[in-house]
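Visitor: One structure coming up, written as structure tokens, with questions to follow.
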Amino acid sequence: MAPYKHSVALDTEKCKGCITCLKRCPTEAIRIRNGHAVINPDRCIDCGECIRQCPHKAKKAVADKLSELPFGKKFVIALPPPSLYGQFENLDDADYILQGLLDIGFDYVYEVARAAELVTEYTRQYLKREDIRRPVISSACPVVTRLISLRFPYLCDNLVPMLSPMEIAAAKAKDEALEKNPGLKREDIVTVFISPCPAKVSAVKNDFAGHKSNVDYVVAVNEVYFELLGAMGKIDSPSPISKTGMVGMSWAVSGGEASALLNDRYLAADGIENIIKVLDELETASFPFLDYIELNACSSGCVGGVMTVGNPYLTKVKIQNLKRYLPVMQNRPTLDEAKQIPEEFSYRQKEYEPVARLDSDRIKAMSLMKEILVLDNKLPGFDCGACGSPTCRAFAEDVIKEKAMLSDCVFLERGEKK
Amino acid sequence: MDNAAPLEFHFNVDGKDFTSAGEASVEVKKILRRIGLDSEAIRRVSIAMYEAEINMVIHAGGGEADVSVSPDKITLVMTDHGPGIADIELAMREGYSTAPDNIRSLGFGAGMGLPNIKRYTDELKIESEVGKGTKITMSVNI
């Protein structure tokens, strides 16, 4: 399998080798080695937690730059997500943003919220089926789908077997642009997702779940923000471009997606630690009273992404204001169409290599585990992180795998044994 | 180190703390993932252990869990010093529960714990004496 391409990177100049990210990484993907953080790409899920926590701004999200977009050479379509709409002060109409995107050079705009409304309707119909595994889990957050495939493979079949609104928007945008611009060729179109988070960048770069992405570039919300703000200030009256309803707009915020399903049997959790707890319980306990689970890795939902600008709670309020005068839903397949998720929008989450596995040979893995537990028992159990591993157990494993030296434990060195 | 000897670990299940019930099964799940068991086997073990843990918390004020992993099976021994089960056959019946109302209001006590353990394990032995306690031995073949 090709190595997973990540969008969270480290600036080794800025990294002080402190243990902030080490302790906060939910998948224990980070170690401190030779004075700075090292990310294990097999374990990283691009949640962006380390970017959020780093006091030295040494962790950064990698995305495309506006200056790298082929303006003037290609037909460039912007795909703004609903989370972008809540980033601006005193805005009463999303058209200002969409007009602004056209004014800074994009040739066309297709709102991701429109595709989100389609996903909502397909999901409503999907939930009526008897032959599906419940509770159904949203597949919109790429951190969640990667986390499930790495750590909760049993739950892969609970995921909505449909691509994310971003992917569907990209495909729909290309079709719509071709329809509206006779003479335009498909190969001349590029789509640019304006992303609130690095995980979306990775989902695109890695051909999400084996699906060749229709998104060609991903730029960060905070990359377009200031240019967009400038352009928006010059708009007198924008063209009526937005075709989003309340439902599509609600996807930006945790709980919005699930509440649009016209079904009270849902749970919505946000924040990476919280969703891991929910998944752990989901794997063991049964919840017959739940039909649907919406999980967002970022606290508050996509508005809490690390590539956004505004405080997520304020952004949430702004989205509430923006959607107040919108129709409920402006994009939906016919009921007949919605019965079957179209082939081109279907996907099935594949299981990854079990990264947690100590060895492919079970007997060998058991024997390694025994050694790890014996060593762990001798360690102080403070989980201080000073050795460069996040917990004593992780350190024991690193020592057994010869990736760390027992002498890295400052307490053992000082003779303070447990 | 002897490769054939089973991998063993021990957990105390705290009886008073409802919010932490299930923690031991999450810990076991983590270890089984490291060993590389398939997800179905891991799930069966963790469900059985979770149910037994919850039972200990509801009925017995906690207890102890001993887990033993050998190359072909995982054995869980859950021991408590609670009130014991008067009629094991009745307790095995789906929907039969002696959990008090305050526990049921939390969503537990549906009378599915022991039947679930039976469903997800390959072997199940319940030894119980009223007033003394209960020992549940269960195993999942891998």
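Residue numbering restarts at 1 in every chain; chains get A, B, ... in the order shown in the structure tokens, and ligands count up from 1 in that same order.
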Any chance you could tabulate, as JSON lines, the residues of chain A at most 9 Å from chain B with each one's nearest atom pair and distance in Å to one decimal, using only C-alpha atoms, in chain and rising number order?

Guide:
```
{"residue": "A:Arg151", "atom": "CA", "partner": "B:Arg33", "partner_atom": "CA", "distance": 8.3}
{"residue": "A:Phe152", "atom": "CA", "partner": "B:Ser39", "partner_atom": "CA", "distance": 7.6}
{"residue": "A:Pro153", "atom": "CA", "partner": "B:Ser39", "partner_atom": "CA", "distance": 6.4}
{"residue": "A:Tyr154", "atom": "CA", "partner": "B:Ser39", "partner_atom": "CA", "distance": 5.7}
{"residue": "A:Asp280", "atom": "CA", "partner": "B:Val26", "partner_atom": "CA", "distance": 7.1}
{"residue": "A:Glu281", "atom": "CA", "partner": "B:Gly22", "partner_atom": "CA", "distance": 8.4}
{"residue": "A:Glu283", "atom": "CA", "partner": "B:Arg43", "partner_atom": "CA", "distance": 6.7}
{"residue": "A:Thr284", "atom": "CA", "partner": "B:Ile47", "partner_atom": "CA", "distance": 4.7}
{"residue": "A:Ala285", "atom": "CA", "partner": "B:Ile47", "partner_atom": "CA", "distance": 6.5}
{"residue": "A:Pro354", "atom": "CA", "partner": "B:Gly36", "partner_atom": "CA", "distance": 7.1}
{"residue": "A:Val355", "atom": "CA", "partner": "B:Arg34", "partner_atom": "CA", "distance": 8.4}
{"residue": "A:Ala356", "atom": "CA", "partner": "B:Arg34", "partner_atom": "CA", "distance": 5.0}
{"residue": "A:Arg357", "atom": "CA", "partner": "B:Arg34", "partner_atom": "CA", "distance": 4.3}
{"residue": "A:Leu358", "atom": "CA", "partner": "B:Arg34", "partner_atom": "CA", "distance": 5.3}
{"residue": "A:Asp359", "atom": "CA", "partner": "B:Ile35", "partner_atom": "CA", "distance": 7.2}
{"residue": "A:Ser360", "atom": "CA", "partner": "B:Gly36", "partner_atom": "CA", "distance": 7.0}
{"residue": "A:Asp361", "atom": "CA", "partner": "B:Gly36", "partner_atom": "CA", "distance": 8.2}
{"residue": "A:Arg362", "atom": "CA", "partner": "B:Ile35", "partner_atom": "CA", "distance": 6.0}
{"residue": "A:Ile363", "atom": "CA", "partner": "B:Pro71", "partner_atom": "CA", "distance": 6.4}
{"residue": "A:Lys364", "atom": "CA", "partner": "B:Asn3", "partner_atom": "CA", "distance": 7.8}
{"residue": "A:Ala365", "atom": "CA", "partner": "B:Ile35", "partner_atom": "CA", "distance": 5.0}
{"residue": "A:Met366", "atom": "CA", "partner": "B:Ile35", "partner_atom": "CA", "distance": 5.6}
{"residue": "A:Ser367", "atom": "CA", "partner": "B:Asn3", "partner_atom": "CA", "distance": 5.8}
{"residue": "A:Leu368", "atom": "CA", "partner": "B:Ile35", "partner_atom": "CA", "distance": 8.6}
{"residue": "A:Met369", "atom": "CA", "partner": "B:Ile35", "partner_atom": "CA", "distance": 7.1}
{"residue": "A:Lys370", "atom": "CA", "partner": "B:Leu7", "partner_atom": "CA", "distance": 6.0}
{"residue": "A:Glu371", "atom": "CA", "partner": "B:Met1", "partner_atom": "CA", "distance": 8.1}
{"residue": "A:Leu373", "atom": "CA", "partner": "B:Phe9", "partner_atom": "CA", "distance": 8.8}
```

Visitor: Please dump the current selection as a PDB file, in the first residue's frame; keep C-alpha atoms.

Guide:
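Result file is result.pdb:
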```pdb
ATOM      1  CA  ARG A 151      -8.812   1.469  15.210  1.00  0.00           C
ATOM      2  CA  PHE A 152     -12.446   0.382  14.981  1.00  0.00           C
ATOM      3  CA  PRO A 153     -12.522  -1.712  11.799  1.00  0.00           C
ATOM      4  CA  TYR A 154     -15.627  -3.503  13.004  1.00  0.00           C
ATOM      5  CA  ASP A 280     -15.157   2.645  22.028  1.00  0.00           C
ATOM      6  CA  GLU A 281     -18.606   2.305  23.576  1.00  0.00           C
ATOM      7  CA  GLU A 283     -17.934  -1.168  19.543  1.00  0.00           C
ATOM      8  CA  THR A 284     -18.768  -2.908  22.812  1.00  0.00           C
ATOM      9  CA  ALA A 285     -22.201  -1.888  23.972  1.00  0.00           C
ATOM     10  CA  PRO A 354      -3.693  -3.004  11.533  1.00  0.00           C
ATOM     11  CA  VAL A 355      -1.092  -0.446  12.639  1.00  0.00           C
ATOM     12  CA  ALA A 356      -1.537  -1.357  16.277  1.00  0.00           C
ATOM     13  CA  ARG A 357      -0.261  -4.876  15.635  1.00  0.00           C
ATOM     14  CA  LEU A 358       3.136  -5.546  17.206  1.00  0.00           C
ATOM     15  CA  ASP A 359       3.986  -8.314  14.770  1.00  0.00           C
ATOM     16  CA  SER A 360       2.219 -10.158  11.975  1.00  0.00           C
ATOM     17  CA  ASP A 361       2.978 -13.413  13.768  1.00  0.00           C
ATOM     18  CA  ARG A 362       0.547 -13.695  16.677  1.00  0.00           C
ATOM     19  CA  ILE A 363       2.855 -15.761  18.890  1.00  0.00           C
ATOM     20  CA  LYS A 364       5.637 -13.230  18.345  1.00  0.00           C
ATOM     21  CA  ALA A 365       3.218 -10.363  19.043  1.00  0.00           C
ATOM     22  CA  MET A 366       2.109 -12.046  22.271  1.00  0.00           C
ATOM     23  CA  SER A 367       5.644 -12.534  23.401  1.00  0.00           C
ATOM     24  CA  LEU A 368       6.470  -8.878  22.646  1.00  0.00           C
ATOM     25  CA  MET A 369       3.354  -7.809  24.561  1.00  0.00           C
ATOM     26  CA  LYS A 370       4.490  -9.868  27.540  1.00  0.00           C
ATOM     27  CA  GLU A 371       7.874  -8.169  27.516  1.00  0.00           C
ATOM     28  CA  LEU A 373       3.891  -5.436  30.197  1.00  0.00           C
TER      29      LEU A 373
END
```

Visitor: Just the strand (DSSP E) stuff from range 109-229 of chain A, please, per backbone DSSP, written as a PyMOL selection string.

Guide: chain A and resi 109+136-137+189-195+217-220

Visitor: What separation in Å, quoted to one decimal, exists between CA of Met232 in chain A and CA of Asp95 in chain A?

Guide: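 Between CA of Met232 in chain A and CA of Asp95 in chain A the gap works out to 9.7 Å.
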
Visitor: What's around range 303-313 of chain A at 7 Å? Count only C-alpha atoms, leave out sequence neighbours fewer than 6 positions away in its own chain, and write the answer as a list in words.

Guide: Gly48, Arg52, Ser83, Gln87, Pro196, Cys197, Ala220, Val221, Asn222, Ala252 and Val253 of chain A

Visitor: I need the chosen residues saved as an mmCIF file, in the first residue's frame, with N, CA, C and O atoms.

Guide:
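Below is the file again-v6.cif, written as the result:
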```
data_model
loop_
_atom_site.group_PDB
_atom_site.id
_atom_site.type_symbol
_atom_site.label_atom_id
_atom_site.label_comp_id
_atom_site.auth_asym_id
_atom_site.auth_seq_id
_atom_site.Cartn_x
_atom_site.Cartn_y
_atom_site.Cartn_z
ATOM 1 N N GLY A 48 -5.302 17.366 13.582
ATOM 2 C CA GLY A 48 -4.900 18.756 13.781
ATOM 3 C C GLY A 48 -4.782 19.157 15.245
ATOM 4 O O GLY A 48 -4.522 20.308 15.568
ATOM 5 N N ARG A 52 -3.296 22.667 17.012
ATOM 6 C CA ARG A 52 -4.096 23.467 17.935
ATOM 7 C C ARG A 52 -3.344 23.691 19.247
ATOM 8 O O ARG A 52 -3.429 24.742 19.847
ATOM 9 N N SER A 83 -18.774 26.100 6.617
ATOM 10 C CA SER A 83 -18.017 26.677 7.738
ATOM 11 C C SER A 83 -17.379 28.015 7.362
ATOM 12 O O SER A 83 -17.152 28.865 8.224
ATOM 13 N N GLN A 87 -17.353 32.934 9.065
ATOM 14 C CA GLN A 87 -16.081 33.567 9.453
ATOM 15 C C GLN A 87 -16.136 35.094 9.430
ATOM 16 O O GLN A 87 -15.178 35.750 9.812
ATOM 17 N N PRO A 196 -11.534 23.956 6.013
ATOM 18 C CA PRO A 196 -11.357 24.361 7.415
ATOM 19 C C PRO A 196 -10.321 23.496 8.146
ATOM 20 O O PRO A 196 -9.912 23.826 9.245
ATOM 21 N N CYS A 197 -9.894 22.369 7.527
ATOM 22 C CA CYS A 197 -9.034 21.453 8.288
ATOM 23 C C CYS A 197 -8.046 20.701 7.402
ATOM 24 O O CYS A 197 -8.286 20.502 6.219
ATOM 25 N N ALA A 220 -6.566 26.611 2.341
ATOM 26 C CA ALA A 220 -7.108 26.780 3.693
ATOM 27 C C ALA A 220 -8.044 27.976 3.753
ATOM 28 O O ALA A 220 -7.854 28.972 3.043
ATOM 29 N N VAL A 221 -9.054 27.879 4.615
ATOM 30 C CA VAL A 221 -9.947 29.015 4.855
ATOM 31 C C VAL A 221 -9.111 30.241 5.240
ATOM 32 O O VAL A 221 -9.306 31.332 4.711
ATOM 33 N N ASN A 222 -8.107 30.057 6.126
ATOM 34 C CA ASN A 222 -7.322 31.224 6.559
ATOM 35 C C ASN A 222 -6.376 31.742 5.474
ATOM 36 O O ASN A 222 -5.816 32.818 5.599
ATOM 37 N N ALA A 252 -22.159 22.884 9.022
ATOM 38 C CA ALA A 252 -20.908 23.463 9.523
ATOM 39 C C ALA A 252 -20.717 23.227 11.009
ATOM 40 O O ALA A 252 -19.617 23.295 11.526
ATOM 41 N N VAL A 253 -21.832 22.965 11.695
ATOM 42 C CA VAL A 253 -21.820 22.946 13.153
ATOM 43 C C VAL A 253 -22.202 21.561 13.652
ATOM 44 O O VAL A 253 -23.082 20.914 13.086
#
```

Visitor: Within 12 Å of Asn102 in chain B, counting only C-alpha atoms, which residues qualify if same-chain residues fewer than 6 places away don't, as an mmCIF file with all heavy atoms, in the first residue's frame?

Guide:
```cif
data_model
loop_
_atom_site.group_PDB
_atom_site.id
_atom_site.type_symbol
_atom_site.label_atom_id
_atom_site.label_comp_id
_atom_site.auth_asym_id
_atom_site.auth_seq_id
_atom_site.Cartn_x
_atom_site.Cartn_y
_atom_site.Cartn_z
ATOM 1 N N ILE B 58 -23.237 -3.249 38.946
ATOM 2 C CA ILE B 58 -24.647 -3.126 39.332
ATOM 3 C C ILE B 58 -24.952 -3.964 40.578
ATOM 4 O O ILE B 58 -25.572 -3.498 41.519
ATOM 5 C CB ILE B 58 -25.581 -3.602 38.187
ATOM 6 C CG1 ILE B 58 -25.452 -2.687 36.970
ATOM 7 C CG2 ILE B 58 -27.033 -3.636 38.669
ATOM 8 C CD1 ILE B 58 -26.296 -3.145 35.778
ATOM 9 N N PHE B 108 -29.299 0.675 31.950
ATOM 10 C CA PHE B 108 -28.756 -0.657 32.175
ATOM 11 C C PHE B 108 -29.867 -1.548 32.734
ATOM 12 O O PHE B 108 -30.988 -1.111 32.928
ATOM 13 C CB PHE B 108 -27.595 -0.595 33.182
ATOM 14 C CG PHE B 108 -26.432 0.212 32.697
ATOM 15 C CD1 PHE B 108 -26.225 1.508 33.166
ATOM 16 C CD2 PHE B 108 -25.557 -0.307 31.765
ATOM 17 C CE1 PHE B 108 -25.155 2.260 32.722
ATOM 18 C CE2 PHE B 108 -24.478 0.438 31.324
ATOM 19 C CZ PHE B 108 -24.284 1.728 31.797
ATOM 20 N N GLY B 109 -29.510 -2.806 33.009
ATOM 21 C CA GLY B 109 -30.465 -3.692 33.663
ATOM 22 C C GLY B 109 -31.593 -4.150 32.766
ATOM 23 O O GLY B 109 -32.725 -4.347 33.211
#
```

Visitor: Fewer than 2 positions away in the same chain doesn't count, so skip those; otherwise give me all residues within 10 Å of Gly61 in chain B, counting only C-alpha atoms, as a PDB file with all heavy atoms, in the first residue's frame.

Guide:
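Saved file part.pdb follows:
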```
ATOM      1  N   VAL B  13     -12.190  -4.081  39.303  1.00  0.00           N
ATOM      2  CA  VAL B  13     -13.349  -3.344  38.789  1.00  0.00           C
ATOM      3  C   VAL B  13     -13.971  -2.613  39.978  1.00  0.00           C
ATOM      4  O   VAL B  13     -14.419  -3.240  40.940  1.00  0.00           O
ATOM      5  CB  VAL B  13     -14.364  -4.307  38.138  1.00  0.00           C
ATOM      6  CG1 VAL B  13     -15.582  -3.531  37.652  1.00  0.00           C
ATOM      7  CG2 VAL B  13     -13.715  -5.064  36.984  1.00  0.00           C
ATOM      8  N   ASP B  14     -13.964  -1.301  39.908  1.00  0.00           N
ATOM      9  CA  ASP B  14     -14.457  -0.474  41.000  1.00  0.00           C
ATOM     10  C   ASP B  14     -15.984  -0.499  41.042  1.00  0.00           C
ATOM     11  O   ASP B  14     -16.647  -0.202  40.058  1.00  0.00           O
ATOM     12  CB  ASP B  14     -13.944   0.960  40.789  1.00  0.00           C
ATOM     13  CG  ASP B  14     -14.210   1.838  41.987  1.00  0.00           C
ATOM     14  OD1 ASP B  14     -14.969   1.407  42.877  1.00  0.00           O
ATOM     15  OD2 ASP B  14     -13.658   2.946  42.030  1.00  0.00           O
ATOM     16  N   GLY B  15     -16.511  -0.875  42.164  1.00  0.00           N
ATOM     17  CA  GLY B  15     -17.954  -1.070  42.255  1.00  0.00           C
ATOM     18  C   GLY B  15     -18.773   0.191  42.356  1.00  0.00           C
ATOM     19  O   GLY B  15     -19.928   0.232  41.965  1.00  0.00           O
ATOM     20  N   LYS B  16     -18.178   1.244  42.882  1.00  0.00           N
ATOM     21  CA  LYS B  16     -19.001   2.434  43.120  1.00  0.00           C
ATOM     22  C   LYS B  16     -19.097   3.326  41.896  1.00  0.00           C
ATOM     23  O   LYS B  16     -19.973   4.176  41.805  1.00  0.00           O
ATOM     24  CB  LYS B  16     -18.417   3.228  44.292  1.00  0.00           C
ATOM     25  CG  LYS B  16     -18.524   2.473  45.596  1.00  0.00           C
ATOM     26  CD  LYS B  16     -18.059   3.331  46.751  1.00  0.00           C
ATOM     27  CE  LYS B  16     -17.980   2.526  48.026  1.00  0.00           C
ATOM     28  NZ  LYS B  16     -16.870   1.534  48.025  1.00  0.00           N
ATOM     29  N   ASP B  17     -18.170   3.133  40.997  1.00  0.00           N
ATOM     30  CA  ASP B  17     -18.037   4.115  39.928  1.00  0.00           C
ATOM     31  C   ASP B  17     -18.668   3.645  38.624  1.00  0.00           C
ATOM     32  O   ASP B  17     -18.093   2.864  37.879  1.00  0.00           O
ATOM     33  CB  ASP B  17     -16.538   4.402  39.728  1.00  0.00           C
ATOM     34  CG  ASP B  17     -16.321   5.580  38.810  1.00  0.00           C
ATOM     35  OD1 ASP B  17     -17.315   6.144  38.327  1.00  0.00           O
ATOM     36  OD2 ASP B  17     -15.151   5.928  38.581  1.00  0.00           O
ATOM     37  N   ASN B  55     -22.230  -5.956  35.127  1.00  0.00           N
ATOM     38  CA  ASN B  55     -22.928  -6.783  36.118  1.00  0.00           C
ATOM     39  C   ASN B  55     -22.293  -6.649  37.498  1.00  0.00           C
ATOM     40  O   ASN B  55     -22.980  -6.519  38.507  1.00  0.00           O
ATOM     41  CB  ASN B  55     -22.896  -8.256  35.693  1.00  0.00           C
ATOM     42  CG  ASN B  55     -23.999  -8.571  34.708  1.00  0.00           C
ATOM     43  OD1 ASN B  55     -24.889  -7.753  34.474  1.00  0.00           O
ATOM     44  ND2 ASN B  55     -23.944  -9.761  34.119  1.00  0.00           N
ATOM     45  N   MET B  56     -20.972  -6.673  37.527  1.00  0.00           N
ATOM     46  CA  MET B  56     -20.266  -6.538  38.803  1.00  0.00           C
ATOM     47  C   MET B  56     -20.567  -5.211  39.469  1.00  0.00           C
ATOM     48  O   MET B  56     -20.731  -5.127  40.680  1.00  0.00           O
ATOM     49  CB  MET B  56     -18.757  -6.587  38.560  1.00  0.00           C
ATOM     50  CG  MET B  56     -18.211  -7.964  38.472  1.00  0.00           C
ATOM     51  SD  MET B  56     -16.441  -7.752  38.216  1.00  0.00           S
ATOM     52  CE  MET B  56     -15.928  -9.424  38.471  1.00  0.00           C
ATOM     53  N   VAL B  57     -20.605  -4.154  38.657  1.00  0.00           N
ATOM     54  CA  VAL B  57     -20.840  -2.823  39.209  1.00  0.00           C
ATOM     55  C   VAL B  57     -22.281  -2.714  39.730  1.00  0.00           C
ATOM     56  O   VAL B  57     -22.528  -2.208  40.821  1.00  0.00           O
ATOM     57  CB  VAL B  57     -20.549  -1.725  38.152  1.00  0.00           C
ATOM     58  CG1 VAL B  57     -20.923  -0.354  38.691  1.00  0.00           C
ATOM     59  CG2 VAL B  57     -19.092  -1.748  37.754  1.00  0.00           C
ATOM     60  N   ILE B  58     -23.237  -3.249  38.946  1.00  0.00           N
ATOM     61  CA  ILE B  58     -24.647  -3.126  39.332  1.00  0.00           C
ATOM     62  C   ILE B  58     -24.952  -3.964  40.578  1.00  0.00           C
ATOM     63  O   ILE B  58     -25.572  -3.498  41.519  1.00  0.00           O
ATOM     64  CB  ILE B  58     -25.581  -3.602  38.187  1.00  0.00           C
ATOM     65  CG1 ILE B  58     -25.452  -2.687  36.970  1.00  0.00           C
ATOM     66  CG2 ILE B  58     -27.033  -3.636  38.669  1.00  0.00           C
ATOM     67  CD1 ILE B  58     -26.296  -3.145  35.778  1.00  0.00           C
ATOM     68  N   HIS B  59     -24.507  -5.227  40.557  1.00  0.00           N
ATOM     69  CA  HIS B  59     -24.990  -6.177  41.552  1.00  0.00           C
ATOM     70  C   HIS B  59     -24.019  -6.462  42.688  1.00  0.00           C
ATOM     71  O   HIS B  59     -24.441  -6.829  43.772  1.00  0.00           O
ATOM     72  CB  HIS B  59     -25.315  -7.524  40.876  1.00  0.00           C
ATOM     73  CG  HIS B  59     -26.366  -7.426  39.823  1.00  0.00           C
ATOM     74  ND1 HIS B  59     -27.693  -7.227  40.122  1.00  0.00           N
ATOM     75  CD2 HIS B  59     -26.298  -7.472  38.472  1.00  0.00           C
ATOM     76  CE1 HIS B  59     -28.406  -7.180  39.000  1.00  0.00           C
ATOM     77  NE2 HIS B  59     -27.576  -7.315  37.976  1.00  0.00           N
ATOM     78  N   GLY B  63     -15.425  -6.020  41.670  1.00  0.00           N
ATOM     79  CA  GLY B  63     -14.803  -7.332  41.747  1.00  0.00           C
ATOM     80  C   GLY B  63     -13.486  -7.324  41.022  1.00  0.00           C
ATOM     81  O   GLY B  63     -12.841  -6.268  40.898  1.00  0.00           O
ATOM     82  N   ASP B  80     -16.467 -11.938  41.926  1.00  0.00           N
ATOM     83  CA  ASP B  80     -16.938 -10.901  42.855  1.00  0.00           C
ATOM     84  C   ASP B  80     -17.368 -11.533  44.168  1.00  0.00           C
ATOM     85  O   ASP B  80     -17.494 -12.753  44.291  1.00  0.00           O
ATOM     86  CB  ASP B  80     -18.074 -10.090  42.223  1.00  0.00           C
ATOM     87  CG  ASP B  80     -19.354 -10.887  42.049  1.00  0.00           C
ATOM     88  OD1 ASP B  80     -19.869 -11.428  43.047  1.00  0.00           O
ATOM     89  OD2 ASP B  80     -19.854 -10.963  40.901  1.00  0.00           O
ATOM     90  N   HIS B  81     -17.579 -10.693  45.151  1.00  0.00           N
ATOM     91  CA  HIS B  81     -18.038 -11.167  46.460  1.00  0.00           C
ATOM     92  C   HIS B  81     -19.384 -10.552  46.761  1.00  0.00           C
ATOM     93  O   HIS B  81     -19.651 -10.086  47.863  1.00  0.00           O
ATOM     94  CB  HIS B  81     -16.990 -10.847  47.534  1.00  0.00           C
ATOM     95  CG  HIS B  81     -15.652 -11.434  47.197  1.00  0.00           C
ATOM     96  ND1 HIS B  81     -15.396 -12.782  47.299  1.00  0.00           N
ATOM     97  CD2 HIS B  81     -14.524 -10.873  46.688  1.00  0.00           C
ATOM     98  CE1 HIS B  81     -14.158 -13.017  46.885  1.00  0.00           C
ATOM     99  NE2 HIS B  81     -13.615 -11.878  46.507  1.00  0.00           N
ATOM    100  N   GLY B  82     -20.213 -10.505  45.742  1.00  0.00           N
ATOM    101  CA  GLY B  82     -21.539  -9.897  45.868  1.00  0.00           C
ATOM    102  C   GLY B  82     -22.571 -10.879  46.402  1.00  0.00           C
ATOM    103  O   GLY B  82     -22.214 -11.890  47.024  1.00  0.00           O
ATOM    104  N   PRO B  83     -23.841 -10.613  46.134  1.00  0.00           N
ATOM    105  CA  PRO B  83     -24.932 -11.391  46.720  1.00  0.00           C
ATOM    106  C   PRO B  83     -25.092 -12.792  46.119  1.00  0.00           C
ATOM    107  O   PRO B  83     -25.804 -13.619  46.688  1.00  0.00           O
ATOM    108  CB  PRO B  83     -26.165 -10.547  46.413  1.00  0.00           C
ATOM    109  CG  PRO B  83     -25.800  -9.766  45.192  1.00  0.00           C
ATOM    110  CD  PRO B  83     -24.328  -9.500  45.303  1.00  0.00           C
TER     111      PRO B  83
END
```

Visitor: Using only C-alpha atoms for the distances, tell me which of A:Leu10, A:Cys47, A:Ile132, A:Ala170 is nearest to Asp270 in chain A.

Guide: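 Residue with the minimum atom-to-atom distance to Asp270 in chain A: A:Cys47.
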
Visitor: Out of range 5-138 of chain B, which residues get helix (DSSP H, G or I) from DSSP, as a count of residues only?

Guide: 51
